[in-house]
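J.: After the structure tokens below, expect a handful of questions from me.
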Amino acid sequence: MAEIKVNCRVAPELDPGFVPAALWNREFRRLAAASPAAADAAITLERSNGAVSRFDTKLLPDTEENLPLNFRYTERIVKFMLWAYGGRIVTVAGAPRVAAKLAEVYSADGDRAFDYQVMGERIYGGRFEIRSVPYAQAVPEKKISVKLGGNFSGCRIGFDLGGSDRKCAAVIDGKTVHSEEVVWDPYFQKDVNYHREGILDSLRRAAAKLPRIDAIGGSAAGVYVENQPRIASLFRGIPEADFSTKVRPIFLEIANEFPGVPFVVLNDGEVTALAGSLSLKRNALIGLAMGTSEAVGYVTPDGTLTDYLNELAFAPIDYREDDPPVDEWSGDAGVGAMYLSQQAVGRLVKPAGFDIPAGTPLPEVLKIVQKARAEGDPRAAKIYRTVGAYLGYAVAHYADFYALENLLLLGRVSSGEGGSEILREAEKVLQTEFSELKVAFHIPDETFKRHGQAVIAASL
């Protein structure tokens with residue numbers, strides 16, 4: 001069996017074991033293309049609204065000898081597609097051995113039980129399935145898009161709920177008349193009233209600055225269907241048995257406090273992408289917020305949003321098999337949240353040489369690193385360059401799944417000189433390794449980075 005090895009020409013200096021998905025996949029495809037018996041294959045994901053996402057590729061000949069490599073490649077692609085696009089029915093066309101193994105892994109008691117449960121009953125309300133068909137029977141792609149955002153007329157409130165703070169803005173005809181950031185700690189609160197009262201407190205304070213309320217828009221981490229959270233890190237502390245009765249209706253209940261006012265909640269990544277599209281006047285754009293986790297949204301080349309999940313915090317970007325960092329929520333390794341968020345900074349402080357007491361909250365760790373960078377500490381610079389290398393290789397991987405020309409970087413990790421350092425290293429990766437990709441990086445001013453999502457949410 002062939003073995004795939006990659007060499008990072010712009011290696012993350014504090015993480016030499018990093019194996020970029022973009023490089024690994026490129027090498028696999030080179031091997032497959034060189035084989036005279038390479039097999040055409042397609043992976044499709046079907047969502048409950050009829051949308052279908054499709055990824056066509058080639059695999060090594062479908063033999064037992066090639067199964068480990070074929071499976072490694074296909075499984076990581078499936079995992080990425082699930083969290084980029086979403087879907088309950090996965091069809092693998094042209095690779096029956098791989099499909100059979102995927103069905104074992106993505107099952108109630110398999111290694112991907114988290115994905116099986118979340119993509120099935122939790123988000124799409126039905127049993128998750130892996131199907132196998134001949135390549136000729138692969139389902140055609142079907143896209144759905146929607147135009148949202150950009151409406152600033154009247155008196156509006158926007159809010160943005162993060163893992164360490166909640167932001168709220170009051171806007172009158174596009175002018176921000178109130179913007180506030182409140183520290184909170186929602187992750188492991190067991191009483192949903194903590195979340196409800198915190199959100200209502202911010203909304204009421206904003207409402208006090210307006211003569212009336214014409215609309216309310218919100219941005220929050222997670223998957224939202226008709227203003228209802230289906231999976232959301234903000235509510236991880238609520239017992240699973242209470243999720244459907246106490247968490248799902250929370251925003252419907254909050255909306256009832258403002259009768260007659262249109263109320264919309266979107267994934268925070270979608271609002272990030274809208275913010276980028278509206279402020280930069282560019283499309284084919286990913287907005288990526290490096291906060292407590294990684295939040296991503298996407299605006300198409302036509303300037304519309306899609307029905308994609310864009311939850312790339314759970315999507316793999318590192319294929320290393322030797323002691324990879326594992327996401328404690330999903331149980332998977334090498335996923336975006338471990339590289340493009342405060343969690344990445346927390347992982348890198350020790351190899352950088354910082355002596356920070358174990359158990360220090362990640363926002364405090366980030367503040368220490370930011371202060372050190374502002375003082376010219378080379379240890380902090382290494383952390384930011386390492387995160388920048390992660391970002392560059394991740395963007396190259398994202399470009400396999402999105403029509404991508406622009407990336408807007410937001411979030412606490414990108415604040416200050418560190419954010420510019422991240423982008424410089426990411427650009428270096430693309431210029432060195434992926435010169436064919438033409439992706440422009442953008443970083444907003446500090447006020448927009450910290451409060452822009454709340455203001456843009458007001459336009460929903």
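FYI, nothing fancy with the structure tokens labels: chains A, B, ... in order, residues from 1 per chain, ligands from 1 as they appear.
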Using only C-alpha atoms, determine which residues lie at most 7 Å from Asp173 of chain A, disregarding the query and same-chain residues fewer than 6 positions distant; provide the list as a list in words.
T.: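 Returned residues: Phe152, Ser153, Gly154 and Cys155 of chain A.
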J.: Using DSSP secondary structure from the backbone, list all helix (DSSP H, G or I) positions within segment 347-453 of chain A, as an NGL selection string.
T.: :A and (347-352 or 362-374 or 378-398 or 412-414 or 416-433 or 446-453)
J.: Near Lys190 of chain A, within 9 Å and counting only C-alpha atoms, which residues show up once chain neighbours fewer than 6 positions away are dropped, as an NGL selection string?
T.: :A and (235-239)
J.: At most 12 Å is the cut-off: for each residue in segment 22-99 of chain A with any atom that close to an atom of segment 2-9 of chain A, write down the nearest atom pair and the distance in Å rounded to one decimal, counting only C-alpha atoms, chain first then increasing number, as a tab-separated table.
T.:
```
residue	atom	partner	partner_atom	distance
A:Ala22	CA	A:Val6	CA	9.9
A:Leu23	CA	A:Val6	CA	6.3
A:Trp24	CA	A:Val6	CA	6.2
A:Asn25	CA	A:Ile4	CA	9.2
A:Arg26	CA	A:Val6	CA	9.4
A:Glu27	CA	A:Ile4	CA	6.9
A:Phe28	CA	A:Ile4	CA	6.9
A:Arg29	CA	A:Ile4	CA	10.5
A:Arg30	CA	A:Ile4	CA	10.4
A:Leu31	CA	A:Ala2	CA	8.5
A:Ala32	CA	A:Ala2	CA	10.6
A:Ser35	CA	A:Ala2	CA	11.6
A:Leu60	CA	A:Ala2	CA	10.0
A:Glu65	CA	A:Ala2	CA	9.1
A:Asn66	CA	A:Ala2	CA	8.0
A:Leu67	CA	A:Ala2	CA	10.9
A:Pro68	CA	A:Ala2	CA	9.8
A:Leu69	CA	A:Ala2	CA	8.0
A:Asn70	CA	A:Ala2	CA	10.7
A:Arg72	CA	A:Ile4	CA	10.8
A:Tyr73	CA	A:Ile4	CA	10.6
```
J.: Suppose we keep C-alpha atoms; can you now write the selection as a tab-separated table (two decimals), in the first residue's frame?
T.:
```tsv
chain	number	residue	atom	x	y	z
A	22	ALA	CA	-4.84	20.57	1.49
A	23	LEU	CA	-1.37	19.04	0.98
A	24	TRP	CA	-2.39	15.51	1.97
A	25	ASN	CA	-5.38	15.58	-0.38
A	26	ARG	CA	-3.28	16.99	-3.21
A	27	GLU	CA	-0.80	14.14	-2.85
A	28	PHE	CA	-3.59	11.54	-2.69
A	29	ARG	CA	-5.12	12.92	-5.87
A	30	ARG	CA	-1.74	12.81	-7.58
A	31	LEU	CA	-1.43	9.12	-6.70
A	32	ALA	CA	-4.96	8.39	-7.88
A	35	SER	CA	-3.10	4.98	-11.53
A	60	LEU	CA	-7.27	4.56	-6.05
A	65	GLU	CA	-5.08	-3.10	-0.39
A	66	ASN	CA	-6.09	0.45	-1.24
A	67	LEU	CA	-9.01	0.60	1.20
A	68	PRO	CA	-7.11	2.30	4.09
A	69	LEU	CA	-5.99	5.24	1.94
A	70	ASN	CA	-9.24	5.48	0.03
A	72	ARG	CA	-8.93	8.01	4.99
A	73	TYR	CA	-9.34	10.40	2.09
```
J.: Could you name the residues that touch segment 47-51 of chain A at 9 Å or less, counting only C-alpha atoms, but leaving out those on the same chain fewer than 5 positions away, as a ChimeraX atom specification?
T.: /A:85-89,124-126,141-144,307
J.: Could you give me, as a Markdown table, every segment 238-330 of chain A residue with an atom at most 12 Å from segment 354-364 of chain A, plus its closest atom pair and distance in Å to one decimal, counting only C-alpha atoms, rows ordered by chain then number?
T.:
```
| residue | atom | partner | partner_atom | distance |
| --- | --- | --- | --- | --- |
| A:Met290 | CA | A:Pro363 | CA | 11.9 |
| A:Gly291 | CA | A:Pro363 | CA | 9.0 |
| A:Thr292 | CA | A:Leu362 | CA | 7.7 |
| A:Ser293 | CA | A:Leu362 | CA | 10.6 |
```
J.: Only N, CA and C atoms, please: the residues just picked out, written as a compact mmCIF listing (two decimals), in the first residue's frame.
T.:
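Here's the written file part-v9.txt:
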```
# COMPACT_ATOMS: atom_id res chain seq x y z
N MET A 290 -12.32 34.30 14.65
CA MET A 290 -11.53 33.51 15.60
C MET A 290 -11.85 34.00 17.01
N GLY A 291 -12.80 33.35 17.63
CA GLY A 291 -13.19 33.69 18.99
C GLY A 291 -12.99 32.52 19.91
N THR A 292 -13.97 32.30 20.78
CA THR A 292 -13.91 31.13 21.66
C THR A 292 -13.82 29.85 20.85
N SER A 293 -14.51 29.85 19.70
CA SER A 293 -14.38 28.78 18.72
C SER A 293 -14.17 29.43 17.36
```
J.: Which of these, A:Phe258, A:Tyr402, A:Tyr106, A:Tyr308, has the shortest distance to Val52 of chain A once you count only C-alpha atoms?
T.: A:Tyr308
J.: For Ala100 of chain A, please output as a list in words all residues within 12 Å (counting only C-alpha atoms; exclusion window: fewer than 3 positions along the same chain).
T.: Leu67, Phe71, Thr74, Glu75, Val90, Thr91, Val92, Ala93, Gly94, Ala95, Pro96, Arg97, Ala103, Glu104, Val105, Tyr106, Ser107, Glu129, Ile130, Arg131, Ser132 and Val133 of chain A
J.: I'd like the contact shell of Ser164 of chain A - 9 Å cut-off, only C-alpha atoms, skipping same-chain residues fewer than 3 positions apart - returned as a PDB file with N, CA, C and O atoms, in the first residue's frame.
T.:
```pdb
ATOM      1  N   LEU A 161     -23.919  36.925  20.130  1.00  0.00           N
ATOM      2  CA  LEU A 161     -23.679  36.143  21.337  1.00  0.00           C
ATOM      3  C   LEU A 161     -22.438  35.282  21.166  1.00  0.00           C
ATOM      4  O   LEU A 161     -22.412  34.373  20.347  1.00  0.00           O
ATOM      5  N   VAL A 182     -20.901  42.989  27.002  1.00  0.00           N
ATOM      6  CA  VAL A 182     -21.067  42.516  28.380  1.00  0.00           C
ATOM      7  C   VAL A 182     -20.407  41.150  28.511  1.00  0.00           C
ATOM      8  O   VAL A 182     -20.701  40.232  27.736  1.00  0.00           O
ATOM      9  N   VAL A 183     -19.527  41.015  29.466  1.00  0.00           N
ATOM     10  CA  VAL A 183     -18.875  39.726  29.716  1.00  0.00           C
ATOM     11  C   VAL A 183     -19.882  38.764  30.328  1.00  0.00           C
ATOM     12  O   VAL A 183     -20.650  39.122  31.217  1.00  0.00           O
ATOM     13  N   TRP A 184     -19.904  37.533  29.806  1.00  0.00           N
ATOM     14  CA  TRP A 184     -20.718  36.492  30.422  1.00  0.00           C
ATOM     15  C   TRP A 184     -20.045  35.149  30.234  1.00  0.00           C
ATOM     16  O   TRP A 184     -19.016  35.047  29.555  1.00  0.00           O
ATOM     17  N   ASP A 185     -20.611  34.100  30.813  1.00  0.00           N
ATOM     18  CA  ASP A 185     -19.994  32.772  30.792  1.00  0.00           C
ATOM     19  C   ASP A 185     -21.081  31.726  30.547  1.00  0.00           C
ATOM     20  O   ASP A 185     -21.495  31.013  31.455  1.00  0.00           O
ATOM     21  N   PRO A 186     -21.575  31.630  29.298  1.00  0.00           N
ATOM     22  CA  PRO A 186     -22.752  30.801  29.041  1.00  0.00           C
ATOM     23  C   PRO A 186     -22.492  29.316  28.861  1.00  0.00           C
ATOM     24  O   PRO A 186     -23.425  28.514  28.953  1.00  0.00           O
ATOM     25  N   TYR A 187     -21.240  28.929  28.571  1.00  0.00           N
ATOM     26  CA  TYR A 187     -20.982  27.579  28.086  1.00  0.00           C
ATOM     27  C   TYR A 187     -21.540  26.466  28.971  1.00  0.00           C
ATOM     28  O   TYR A 187     -22.171  25.534  28.490  1.00  0.00           O
ATOM     29  N   GLY A 291     -12.804  33.352  17.635  1.00  0.00           N
ATOM     30  CA  GLY A 291     -13.190  33.695  18.994  1.00  0.00           C
ATOM     31  C   GLY A 291     -12.992  32.517  19.910  1.00  0.00           C
ATOM     32  O   GLY A 291     -11.986  31.810  19.828  1.00  0.00           O
ATOM     33  N   THR A 292     -13.970  32.297  20.784  1.00  0.00           N
ATOM     34  CA  THR A 292     -13.912  31.131  21.664  1.00  0.00           C
ATOM     35  C   THR A 292     -13.819  29.854  20.848  1.00  0.00           C
ATOM     36  O   THR A 292     -13.149  28.900  21.216  1.00  0.00           O
ATOM     37  N   PRO A 363      -9.942  33.171  27.541  1.00  0.00           N
ATOM     38  CA  PRO A 363      -9.891  34.623  27.287  1.00  0.00           C
ATOM     39  C   PRO A 363      -8.762  35.310  28.046  1.00  0.00           C
ATOM     40  O   PRO A 363      -8.154  36.262  27.532  1.00  0.00           O
TER      41      PRO A 363
END
```
J.: Among the residues of segment 365-423 of chain A, find those DSSP assigns to strand (DSSP E or B) from the backbone and print them as a ChimeraX atom specification.
T.: /A:406-410
J.: Can you check which parts of segment 19-84 of chain A lie within 12 Å of segment 320-339 of chain A? Per residue, the shortest pair of atoms and distance in Å to one decimal, counting only C-alpha atoms, sorted by chain and number, as CSV.
T.:
```
residue,atom,partner,partner_atom,distance
A:Val19,CA,A:Arg320,CA,5.1
A:Pro20,CA,A:Arg320,CA,8.1
A:Ala21,CA,A:Arg320,CA,8.9
A:Leu23,CA,A:Arg320,CA,11.6
A:Trp24,CA,A:Arg320,CA,9.5
A:Arg72,CA,A:Glu321,CA,10.6
A:Arg76,CA,A:Gly334,CA,10.2
A:Lys79,CA,A:Val335,CA,9.8
A:Phe80,CA,A:Val335,CA,9.1
A:Trp83,CA,A:Val335,CA,10.5
A:Ala84,CA,A:Gly336,CA,11.4
```
J.: In Å, with one decimal, what is the gap from atom CA of Ile368 of chain A to atom CA of Glu425 of chain A?
T.: 21.4 Å
J.: So, with only C-alpha atoms as the atoms that count, which of A:Val296, A:Val349, A:Gly416, A:Phe128 lies closest to Ala273 of chain A?
T.: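 The answer is A:Val296, which sits nearest to Ala273 of chain A.
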